[in-house]
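Shown here: query17.pdb, PDB, C-alpha atoms.
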```
ATOM      1  CA  MET W  95     -56.774  -7.084  24.420
ATOM      2  CA  ASN W  96     -56.703  -8.394  20.841
ATOM      3  CA  ILE W  97     -57.529 -12.114  21.080
ATOM      4  CA  TYR W  98     -57.265 -12.858  17.385
ATOM      5  CA  PRO W  99     -53.500 -13.582  17.434
ATOM      6  CA  PHE W 100     -54.165 -16.506  19.771
ATOM      7  CA  ILE W 101     -56.469 -18.028  17.164
ATOM      8  CA  GLU W 102     -53.887 -17.282  14.475
ATOM      9  CA  ALA W 103     -51.307 -19.233  16.477
ATOM     10  CA  GLU W 104     -53.591 -22.266  16.520
ATOM     11  CA  LYS W 105     -54.105 -21.985  12.779
ATOM     12  CA  ALA W 106     -50.351 -21.786  12.223
ATOM     13  CA  GLN W 107     -50.094 -25.244  13.789
ATOM     14  CA  GLN W 108     -52.609 -26.498  11.202
ATOM     15  CA  LEU W 109     -55.315 -26.905  13.841
ATOM     16  CA  PRO W 110     -58.963 -26.048  13.167
ATOM     17  CA  VAL W 111     -60.027 -22.605  14.318
ATOM     18  CA  LYS W 112     -63.512 -23.649  15.321
ATOM     19  CA  ARG W 113     -62.583 -24.782  18.845
ATOM     20  CA  PRO W 114     -60.497 -21.715  19.875
ATOM     21  CA  CYS W 115     -63.200 -19.432  18.475
ATOM     22  CA  GLU W 116     -65.766 -21.177  20.653
ATOM     23  CA  LEU W 117     -63.544 -20.995  23.745
ATOM     24  CA  LEU W 118     -62.905 -17.306  23.208
ATOM     25  CA  GLU W 119     -66.519 -16.661  22.259
ATOM     26  CA  VAL W 120     -65.597 -15.214  18.871
ATOM     27  CA  SER W 121     -67.390 -15.981  15.643
ATOM     28  CA  ARG W 122     -65.336 -17.500  12.879
ATOM     29  CA  THR W 123     -66.650 -14.801  10.559
ATOM     30  CA  ALA W 124     -65.199 -12.091  12.766
ATOM     31  CA  TYR W 125     -61.877 -13.922  12.963
ATOM     32  CA  TYR W 126     -61.638 -14.316   9.174
ATOM     33  CA  ASP W 127     -62.531 -10.648   8.701
ATOM     34  CA  TRP W 128     -59.670  -9.740  11.042
ATOM     35  CA  SER W 129     -57.172 -12.116   9.392
ATOM     36  CA  HIS W 130     -57.887 -10.682   5.942
ATOM     37  CA  GLN W 131     -57.869  -7.046   6.883
ATOM     38  CA  ILE W 132     -55.696  -4.853   4.672
ATOM     39  CA  PRO W 133     -53.631  -2.005   6.193
ATOM     40  CA  SER W 134     -54.772   1.442   5.164
ATOM     41  CA  ALA W 135     -52.683   3.618   2.885
ATOM     42  CA  ARG W 136     -51.854   5.812   5.888
ATOM     43  CA  GLU W 137     -50.652   2.826   7.929
ATOM     44  CA  LEU W 138     -48.461   1.651   5.066
ATOM     45  CA  SER W 139     -47.069   5.161   4.608
ATOM     46  CA  ASP W 140     -46.348   5.432   8.363
ATOM     47  CA  ALA W 141     -44.544   2.092   8.316
ATOM     48  CA  GLU W 142     -42.397   3.211   5.374
ATOM     49  CA  LEU W 143     -41.604   6.541   7.026
ATOM     50  CA  LEU W 144     -40.803   4.842  10.334
ATOM     51  CA  VAL W 145     -38.032   2.847   8.666
ATOM     52  CA  LYS W 146     -36.451   6.064   7.401
ATOM     53  CA  ILE W 147     -36.846   7.688  10.806
ATOM     54  CA  GLU W 148     -35.146   4.752  12.525
ATOM     55  CA  ILE W 149     -32.212   4.906  10.096
ATOM     56  CA  VAL W 150     -31.649   8.615  10.839
ATOM     57  CA  PHE W 151     -32.112   8.067  14.587
ATOM     58  CA  VAL W 152     -29.640   5.168  14.766
ATOM     59  CA  THR W 153     -27.162   6.927  12.469
ATOM     60  CA  SER W 154     -27.179   9.883  14.882
ATOM     61  CA  LYS W 155     -26.198   7.425  17.620
ATOM     62  CA  ARG W 156     -29.653   7.928  19.168
ATOM     63  CA  ARG W 157     -28.862  11.587  19.782
ATOM     64  CA  TYR W 158     -31.449  13.298  17.568
ATOM     65  CA  GLY W 159     -34.942  14.222  18.695
ATOM     66  CA  SER W 160     -37.800  14.773  16.271
ATOM     67  CA  PRO W 161     -36.755  18.302  15.102
ATOM     68  CA  ARG W 162     -33.334  17.139  13.910
ATOM     69  CA  VAL W 163     -34.665  13.846  12.539
ATOM     70  CA  HIS W 164     -37.287  15.807  10.588
ATOM     71  CA  ARG W 165     -34.660  18.182   9.217
ATOM     72  CA  LYS W 166     -32.433  15.290   8.149
ATOM     73  CA  LEU W 167     -35.354  13.638   6.349
ATOM     74  CA  GLN W 168     -36.054  16.897   4.530
ATOM     75  CA  GLU W 169     -32.437  16.970   3.349
ATOM     76  CA  GLN W 170     -32.968  13.460   1.963
ATOM     77  CA  GLY W 171     -36.028  14.627   0.026
ATOM     78  CA  VAL W 172     -38.570  12.935   2.299
ATOM     79  CA  VAL W 173     -41.813  14.910   2.470
ATOM     80  CA  CYS W 174     -43.396  14.668   5.926
ATOM     81  CA  GLY W 175     -44.573  16.874   8.757
ATOM     82  CA  ARG W 176     -42.580  17.486  11.917
ATOM     83  CA  LYS W 177     -45.540  16.530  14.120
ATOM     84  CA  ARG W 178     -45.903  13.240  12.250
ATOM     85  CA  VAL W 179     -42.239  12.423  12.841
ATOM     86  CA  ALA W 180     -42.644  13.268  16.527
ATOM     87  CA  ARG W 181     -45.729  11.018  16.781
ATOM     88  CA  LEU W 182     -44.049   8.030  15.143
ATOM     89  CA  MET W 183     -40.944   8.427  17.298
ATOM     90  CA  ARG W 184     -43.056   8.686  20.444
ATOM     91  CA  GLU W 185     -45.221   5.670  19.541
ATOM     92  CA  ASN W 186     -42.161   3.549  18.815
ATOM     93  CA  GLY W 187     -40.023   4.542  21.786
ATOM     94  CA  LEU W 188     -37.403   6.486  19.812
ATOM     95  CA  VAL W 189     -36.361   8.912  22.558
ATOM     96  CA  ALA W 190     -33.261  11.063  22.287
ATOM     97  CA  ARG W 191     -30.898  11.308  25.235
ATOM     98  CA  LYS W 192     -31.770  14.023  27.739
ATOM     99  CA  PRO W 193     -29.348  16.425  29.454
ATOM    100  CA  ARG W 194     -28.358  16.274  33.099
ATOM    101  CA  ARG W 195     -27.365  19.154  35.299
ATOM    102  CA  PHE W 196     -23.646  19.548  35.829
ATOM    103  CA  LYS W 197     -21.515  21.749  37.997
ATOM    104  CA  ARG W 198     -19.040  24.335  36.852
ATOM    105  CA  THR W 199     -15.301  23.829  37.208
ATOM    106  CA  THR W 200     -13.828  27.305  36.884
ATOM    107  CA  ILE W 201     -13.046  29.116  40.119
ATOM    108  CA  PRO W 202     -14.266  32.743  40.150
ATOM    109  CA  ASP W 203     -11.687  35.426  40.643
ATOM    110  CA  PRO W 204     -13.279  38.325  42.593
ATOM    111  CA  ALA W 205     -10.489  40.627  41.470
ATOM    112  CA  ALA W 206     -11.283  40.125  37.762
ATOM    113  CA  ALA W 207     -13.229  43.301  37.160
ATOM    114  CA  ALA W 208     -11.209  45.042  34.442
ATOM    115  CA  ALA W 209     -12.856  43.307  31.465
ATOM    116  CA  VAL W 210     -16.567  43.655  30.757
ATOM    117  CA  ASP W 211     -19.151  41.630  28.845
ATOM    118  CA  LEU W 212     -18.778  42.764  25.230
ATOM    119  CA  LEU W 213     -21.303  40.288  23.797
ATOM    120  CA  LYS W 214     -24.394  40.894  25.969
ATOM    121  CA  ARG W 215     -25.698  37.431  25.029
ATOM    122  CA  ALA W 216     -25.725  38.250  21.299
ATOM    123  CA  PHE W 217     -25.502  34.590  20.327
ATOM    124  CA  GLY W 218     -28.148  34.345  17.597
ATOM    125  CA  ALA W 219     -27.376  33.230  14.045
ATOM    126  CA  GLY W 220     -26.460  36.156  11.810
ATOM    127  CA  THR W 221     -25.681  38.547  14.652
ATOM    128  CA  ILE W 222     -21.918  37.917  14.518
ATOM    129  CA  GLU W 223     -19.587  37.076  11.631
ATOM    130  CA  ILE W 224     -17.237  34.089  11.515
ATOM    131  CA  ASN W 225     -13.960  34.637  13.404
ATOM    132  CA  ARG W 226     -15.231  37.782  15.133
ATOM    133  CA  ALA W 227     -16.273  36.321  18.502
ATOM    134  CA  TRP W 228     -15.198  33.123  20.244
ATOM    135  CA  CYS W 229     -16.079  31.726  23.639
ATOM    136  CA  GLY W 230     -14.204  29.393  25.967
ATOM    137  CA  ASP W 231     -14.857  27.264  29.027
ATOM    138  CA  ILE W 232     -13.626  24.199  30.928
ATOM    139  CA  THR W 233     -15.388  20.982  31.867
ATOM    140  CA  TYR W 234     -14.354  17.717  33.480
ATOM    141  CA  ILE W 235     -14.722  14.022  32.673
ATOM    142  CA  ARG W 236     -14.488  11.297  35.294
ATOM    143  CA  THR W 237     -12.242   8.340  34.389
ATOM    144  CA  TRP W 238     -11.017   5.406  36.453
ATOM    145  CA  GLU W 239      -7.567   7.043  36.435
ATOM    146  CA  GLY W 240      -8.938  10.344  37.748
ATOM    147  CA  TRP W 241     -10.319  13.547  36.253
ATOM    148  CA  LEU W 242      -9.704  14.580  32.658
ATOM    149  CA  TYR W 243     -10.231  18.291  31.993
ATOM    150  CA  LEU W 244     -11.333  19.668  28.625
ATOM    151  CA  ALA W 245     -11.017  23.296  27.517
ATOM    152  CA  THR W 246     -12.720  24.432  24.320
ATOM    153  CA  VAL W 247     -12.864  27.468  22.075
ATOM    154  CA  ILE W 248     -16.063  27.836  20.019
ATOM    155  CA  ASP W 249     -16.800  30.222  17.167
ATOM    156  CA  ILE W 250     -20.079  31.787  18.295
ATOM    157  CA  ALA W 251     -21.265  32.470  14.748
ATOM    158  CA  SER W 252     -21.032  28.882  13.476
ATOM    159  CA  ARG W 253     -20.945  26.941  16.775
ATOM    160  CA  ARG W 254     -17.817  25.178  15.524
ATOM    161  CA  VAL W 255     -15.275  24.021  18.101
ATOM    162  CA  VAL W 256     -12.202  25.715  16.666
ATOM    163  CA  GLY W 257      -9.793  24.875  19.469
ATOM    164  CA  TRP W 258      -9.566  22.409  22.320
ATOM    165  CA  ALA W 259      -7.105  20.922  24.788
ATOM    166  CA  MET W 260      -7.232  18.111  27.348
ATOM    167  CA  ALA W 261      -5.077  17.471  30.436
ATOM    168  CA  ASP W 262      -5.159  16.008  33.933
ATOM    169  CA  HIS W 263      -5.158  19.550  35.376
ATOM    170  CA  MET W 264      -6.989  22.801  34.755
ATOM    171  CA  ARG W 265      -4.168  25.294  35.092
ATOM    172  CA  THR W 266      -3.958  28.323  32.820
ATOM    173  CA  GLU W 267      -1.861  26.437  30.276
ATOM    174  CA  LEU W 268      -4.907  24.232  29.524
ATOM    175  CA  VAL W 269      -7.035  27.130  28.285
ATOM    176  CA  ALA W 270      -3.991  28.734  26.650
ATOM    177  CA  ASP W 271      -3.359  25.555  24.625
ATOM    178  CA  ALA W 272      -6.988  25.496  23.447
ATOM    179  CA  LEU W 273      -6.808  29.146  22.375
ATOM    180  CA  GLN W 274      -3.461  28.641  20.629
ATOM    181  CA  MET W 275      -4.924  25.769  18.583
ATOM    182  CA  ALA W 276      -7.792  28.027  17.486
ATOM    183  CA  LEU W 277      -5.456  30.890  16.590
ATOM    184  CA  ASP W 278      -3.177  28.612  14.571
ATOM    185  CA  HIS W 279      -6.036  27.073  12.587
ATOM    186  CA  ARG W 280      -8.197  30.149  12.011
ATOM    187  CA  ARG W 281      -5.703  33.042  11.926
ATOM    188  CA  PRO W 282      -8.306  35.705  12.818
ATOM    189  CA  ASP W 283      -7.837  39.424  12.251
ATOM    190  CA  ALA W 284      -7.059  41.715  15.164
ATOM    191  CA  GLY W 285     -10.107  42.764  17.136
ATOM    192  CA  LEU W 286     -11.483  39.264  17.695
ATOM    193  CA  ILE W 287     -13.526  39.035  20.916
ATOM    194  CA  PHE W 288     -12.810  36.137  23.262
ATOM    195  CA  HIS W 289     -15.582  35.591  25.809
ATOM    196  CA  SER W 290     -15.449  33.420  28.945
ATOM    197  CA  ASP W 291     -16.575  33.315  32.535
ATOM    198  CA  ARG W 292     -14.461  34.863  35.292
ATOM    199  CA  GLY W 293     -12.537  31.734  36.172
ATOM    200  CA  CYS W 294      -9.024  32.278  37.424
ATOM    201  CA  GLN W 295      -7.530  30.626  34.328
ATOM    202  CA  TYR W 296      -9.082  33.224  32.022
ATOM    203  CA  THR W 297      -8.323  36.207  34.254
ATOM    204  CA  SER W 298      -4.706  35.277  34.957
ATOM    205  CA  LYS W 299      -1.954  37.605  33.787
ATOM    206  CA  GLU W 300      -0.516  34.843  31.595
ATOM    207  CA  PHE W 301      -3.750  34.460  29.662
ATOM    208  CA  ARG W 302      -4.397  38.194  29.395
ATOM    209  CA  ASP W 303      -0.893  38.684  28.003
ATOM    210  CA  MET W 304      -1.600  35.998  25.406
ATOM    211  CA  LEU W 305      -4.762  37.776  24.308
ATOM    212  CA  ASP W 306      -2.949  41.110  24.059
ATOM    213  CA  ALA W 307      -0.133  39.564  22.025
ATOM    214  CA  HIS W 308      -2.613  38.399  19.377
ATOM    215  CA  GLY W 309      -4.794  41.509  19.342
ATOM    216  CA  VAL W 310      -7.720  39.711  20.972
ATOM    217  CA  LEU W 311     -10.229  41.635  23.084
ATOM    218  CA  GLN W 312     -11.289  39.979  26.328
ATOM    219  CA  SER W 313     -14.946  39.751  27.299
ATOM    220  CA  LEU W 314     -16.053  38.310  30.641
ATOM    221  CA  SER W 315     -19.444  37.101  31.825
ATOM    222  CA  ARG W 316     -21.050  38.906  34.711
ATOM    223  CA  PRO W 317     -20.556  37.256  38.117
ATOM    224  CA  ARG W 318     -22.854  34.270  38.712
ATOM    225  CA  GLN W 319     -24.510  34.615  35.288
ATOM    226  CA  CYS W 320     -23.911  31.275  33.545
ATOM    227  CA  TRP W 321     -26.238  32.225  30.665
ATOM    228  CA  ASP W 322     -23.752  34.916  29.652
ATOM    229  CA  ASN W 323     -21.646  32.028  28.333
ATOM    230  CA  ALA W 324     -24.553  29.902  27.105
ATOM    231  CA  VAL W 325     -22.869  28.713  23.893
ATOM    232  CA  ALA W 326     -20.027  27.038  25.794
ATOM    233  CA  GLU W 327     -22.411  25.621  28.402
ATOM    234  CA  SER W 328     -24.644  24.206  25.658
ATOM    235  CA  PHE W 329     -21.747  22.405  23.998
ATOM    236  CA  PHE W 330     -20.679  20.755  27.240
ATOM    237  CA  ALA W 331     -24.247  19.650  27.932
ATOM    238  CA  THR W 332     -24.409  18.071  24.471
ATOM    239  CA  LEU W 333     -21.027  16.387  24.893
ATOM    240  CA  LYS W 334     -21.985  14.843  28.209
ATOM    241  CA  VAL W 335     -25.467  13.709  27.189
ATOM    242  CA  GLU W 336     -24.484  12.295  23.815
ATOM    243  CA  LEU W 337     -21.107  10.799  24.719
ATOM    244  CA  ILE W 338     -19.721  11.009  28.252
ATOM    245  CA  TYR W 339     -22.729   9.718  30.210
ATOM    246  CA  GLN W 340     -23.211   6.797  27.820
ATOM    247  CA  HIS W 341     -19.967   4.996  28.716
ATOM    248  CA  SER W 342     -17.508   4.272  31.475
ATOM    249  CA  TRP W 343     -14.001   5.572  30.880
ATOM    250  CA  PRO W 344     -11.268   3.248  32.218
ATOM    251  CA  THR W 345      -8.440   5.530  31.080
ATOM    252  CA  ARG W 346      -7.904   9.147  30.193
ATOM    253  CA  ALA W 347      -6.534   7.997  26.837
ATOM    254  CA  ALA W 348      -9.819   6.270  25.974
ATOM    255  CA  ALA W 349     -11.783   9.388  26.886
ATOM    256  CA  ARG W 350      -9.401  11.556  24.855
ATOM    257  CA  ARG W 351      -9.887   9.451  21.723
ATOM    258  CA  ALA W 352     -13.672   9.473  22.038
ATOM    259  CA  ILE W 353     -13.831  13.223  22.689
ATOM    260  CA  PHE W 354     -11.553  13.921  19.739
ATOM    261  CA  GLU W 355     -13.862  11.959  17.423
ATOM    262  CA  PHE W 356     -16.971  13.594  18.873
ATOM    263  CA  ILE W 357     -15.632  17.119  18.352
ATOM    264  CA  GLU W 358     -13.907  16.782  15.007
ATOM    265  CA  VAL W 359     -16.344  14.380  13.315
ATOM    266  CA  ASP W 360     -19.728  14.210  15.013
ATOM    267  CA  TYR W 361     -20.108  17.760  16.305
ATOM    268  CA  ASN W 362     -18.246  19.925  13.799
ATOM    269  CA  LEU W 363     -18.978  18.010  10.602
ATOM    270  CA  GLN W 364     -22.258  16.157  11.104
ATOM    271  CA  ARG W 365     -24.427  17.319  13.983
ATOM    272  CA  LEU W 366     -27.367  19.549  13.043
ATOM    273  CA  HIS W 367     -27.625  22.700  15.182
ATOM    274  CA  SER W 368     -30.979  24.387  15.677
ATOM    275  CA  SER W 369     -29.252  27.732  16.294
ATOM    276  CA  ILE W 370     -27.882  27.774  12.713
ATOM    277  CA  ASN W 371     -31.019  26.547  10.958
ATOM    278  CA  TYR W 372     -30.326  22.851  11.442
ATOM    279  CA  GLN W 373     -26.988  22.748   9.660
ATOM    280  CA  SER W 374     -23.694  21.372  10.844
ATOM    281  CA  PRO W 375     -21.080  24.022  11.729
ATOM    282  CA  ALA W 376     -18.914  22.918   8.795
ATOM    283  CA  ASP W 377     -21.797  23.191   6.311
ATOM    284  CA  TYR W 378     -22.828  26.571   7.709
ATOM    285  CA  GLU W 379     -19.313  27.946   7.284
ATOM    286  CA  ARG W 380     -18.878  26.460   3.820
ATOM    287  CA  ARG W 381     -22.208  27.666   2.446
ATOM    288  CA  LEU W 382     -22.156  31.176   3.850
ATOM    289  CA  HIS W 383     -18.506  32.053   4.297
ATOM    290  CA  GLY W 384     -16.405  29.791   2.089
ATOM    291  CA  ILE W 385     -14.661  28.132   5.047
ATOM    292  CA  ASP W 386     -13.103  24.730   4.322
ATOM    293  CA  THR W 387     -15.234  22.024   6.015
ATOM    294  CA  ARG W 388     -12.262  19.881   7.050
ATOM    295  CA  THR W 389      -9.722  22.422   8.278
ATOM    296  CA  GLY W 390     -11.864  25.391   9.243
ATOM    297  CA  GLU W 391      -9.614  27.649   7.156
ATOM    298  CA  ALA W 392     -10.711  30.057   4.415
ATOM    299  CA  ALA W 393     -11.097  28.264   1.104
TER
END
```
Output the file's structure as structure tokens, nothing else.
Amino acid sequence: MNIYPFIEAEKAQQLPVKRPCELLEVSRTAYYDWSHQIPSARELSDAELLVKIEIVFVTSKRRYGSPRVHRKLQEQGVVCGRKRVARLMRENGLVARKPRRFKRTTIPDPAAAAAVDLLKRAFGAGTIEINRAWCGDITYIRTWEGWLYLATVIDIASRRVVGWAMADHMRTELVADALQMALDHRRPDAGLIFHSDRGCQYTSKEFRDMLDAHGVLQSLSRPRQCWDNAVAESFFATLKVELIYQHSWPTRAAARRAIFEFIEVDYNLQRLHSSINYQSPADYERRLHGIDTRTGEAA
């Protein structure tokens, strides 16, 4: 234990340091050497960098770990190593929120065997063009009024949530509303692939007819293979860790407002995604494909 601060406290009260030094069996020379020590250049540099790290960490609503914090610092022109950022965050208790396991909500339809998996887990950046493959899924949010269900449609190329819908049920119309929002905003060419699990909402005749009407090809995950729809699962994990699990939700309306802001502001416009080289979906689309960052439409 460092005993010198106790002596410093005595000195701050304008008391002589001789007596506390004797009681603590410390020479006054050693105390004065400690009190006049000058931080090293490395310590000063770490302290300066830590301030910048804390600003990025807090601005991300405590959601970013060291890889994303490091990338954000690079964008700001700060020269530092990723391991150094990780060390400073670890030493100062700056820990990003961790995911929890969650259960699926879609109910498998054993009769849904007509459609096959057209993607084969081809989710990597650059493997698919914008507006050529989307994925969808459903999750649930507990509120004091009861469950709120969220259906999303995500562009696999950019990881942007291009359509979503919320309701107090998870009937087929929920996923249909999410898909219709995406179709209205993005206006994709015929031949778009829509991928989902084999939940009854996605394999219903109503939803299949909707896909056919818009020239969309249906792709379904293999039975009991959640990783076949990993992009959708990853988004829900992020949503729950970074937003849902951090608050109580008295009403569905309160949850709706927060989820809307998370999707349209935090996730689509600001959050850095490792799968697209630590860019936000909006920036990725704008830089590579000329997609408007606000509307998601071609510029």
Env of segment 347-350 of chain W: 12 Å cut, atoms = only C-alpha atoms, seq-sep filter 4 positions within chain, self excluded. Answer as a PDB file with C-alpha atoms, in the coordinates of the input.
```pdb
ATOM      1  CA  TYR W 234     -14.354  17.717  33.480  1.00  0.00           C
ATOM      2  CA  ILE W 235     -14.722  14.022  32.673  1.00  0.00           C
ATOM      3  CA  ARG W 236     -14.488  11.297  35.294  1.00  0.00           C
ATOM      4  CA  THR W 237     -12.242   8.340  34.389  1.00  0.00           C
ATOM      5  CA  TRP W 238     -11.017   5.406  36.453  1.00  0.00           C
ATOM      6  CA  GLU W 239      -7.567   7.043  36.435  1.00  0.00           C
ATOM      7  CA  GLY W 240      -8.938  10.344  37.748  1.00  0.00           C
ATOM      8  CA  TRP W 241     -10.319  13.547  36.253  1.00  0.00           C
ATOM      9  CA  LEU W 242      -9.704  14.580  32.658  1.00  0.00           C
ATOM     10  CA  TYR W 243     -10.231  18.291  31.993  1.00  0.00           C
ATOM     11  CA  LEU W 244     -11.333  19.668  28.625  1.00  0.00           C
ATOM     12  CA  TRP W 258      -9.566  22.409  22.320  1.00  0.00           C
ATOM     13  CA  ALA W 259      -7.105  20.922  24.788  1.00  0.00           C
ATOM     14  CA  MET W 260      -7.232  18.111  27.348  1.00  0.00           C
ATOM     15  CA  ALA W 261      -5.077  17.471  30.436  1.00  0.00           C
ATOM     16  CA  ASP W 262      -5.159  16.008  33.933  1.00  0.00           C
ATOM     17  CA  LEU W 333     -21.027  16.387  24.893  1.00  0.00           C
ATOM     18  CA  LYS W 334     -21.985  14.843  28.209  1.00  0.00           C
ATOM     19  CA  LEU W 337     -21.107  10.799  24.719  1.00  0.00           C
ATOM     20  CA  ILE W 338     -19.721  11.009  28.252  1.00  0.00           C
ATOM     21  CA  TYR W 339     -22.729   9.718  30.210  1.00  0.00           C
ATOM     22  CA  GLN W 340     -23.211   6.797  27.820  1.00  0.00           C
ATOM     23  CA  HIS W 341     -19.967   4.996  28.716  1.00  0.00           C
ATOM     24  CA  SER W 342     -17.508   4.272  31.475  1.00  0.00           C
ATOM     25  CA  TRP W 343     -14.001   5.572  30.880  1.00  0.00           C
ATOM     26  CA  PHE W 354     -11.553  13.921  19.739  1.00  0.00           C
ATOM     27  CA  GLU W 355     -13.862  11.959  17.423  1.00  0.00           C
ATOM     28  CA  PHE W 356     -16.971  13.594  18.873  1.00  0.00           C
ATOM     29  CA  ILE W 357     -15.632  17.119  18.352  1.00  0.00           C
TER      30      ILE W 357
END
```
Any idea what the distance is between atom CA of Glu185 of chain W and atom CA of Leu366 of chain W? 23.5 Å
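If you measure from each of W:His289, W:Lys146, W:Arg254, W:Arg281 to Tyr378 of chain W using all atoms listed in the file, the closest one turns out to be W:Arg254.
Note that atom CA of Ser368 of chain W and atom CA of Arg184 of chain W are 20.4 Å apart.
Using all atoms listed in the file for every distance, the candidate list W:Ser374, W:Ala190, W:Leu182, W:Gln168 yields W:Leu182 as the residue closest to Glu137 of chain W.
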What's the 9 Å shell around Met183 of chain W, counting all atoms listed in the file, without same-chain residues fewer than 5 positions away, as an MDAnalysis selection string? chainID W and resid 144 147:148 159:160 178 188:189
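The interatomic distance for the pair atom CA of Thr332 of chain W and atom CA of His367 of chain W works out to 10.9 Å.
With distances restricted to only C-alpha atoms, W:Ile224 is the closest residue to Arg380 of chain W from W:Ile224, W:Leu286, W:Val256, W:Ile353.
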For Gly293 of chain W, which residue out of W:Ala352, W:Ile232, W:Val335, W:Val172 is the nearest one, using all atoms listed in the file? W:Ile232
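Using only C-alpha atoms, the shortest contact distance between Ser369 of chain W and any of W:Asp140, W:Lys177, W:Val152, W:Arg162 is found at W:Arg162.
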Pick from W:His279, W:Arg365, W:Arg316, W:Arg176 nearest to Glu336 of chain W, counting only C-alpha atoms: W:Arg365
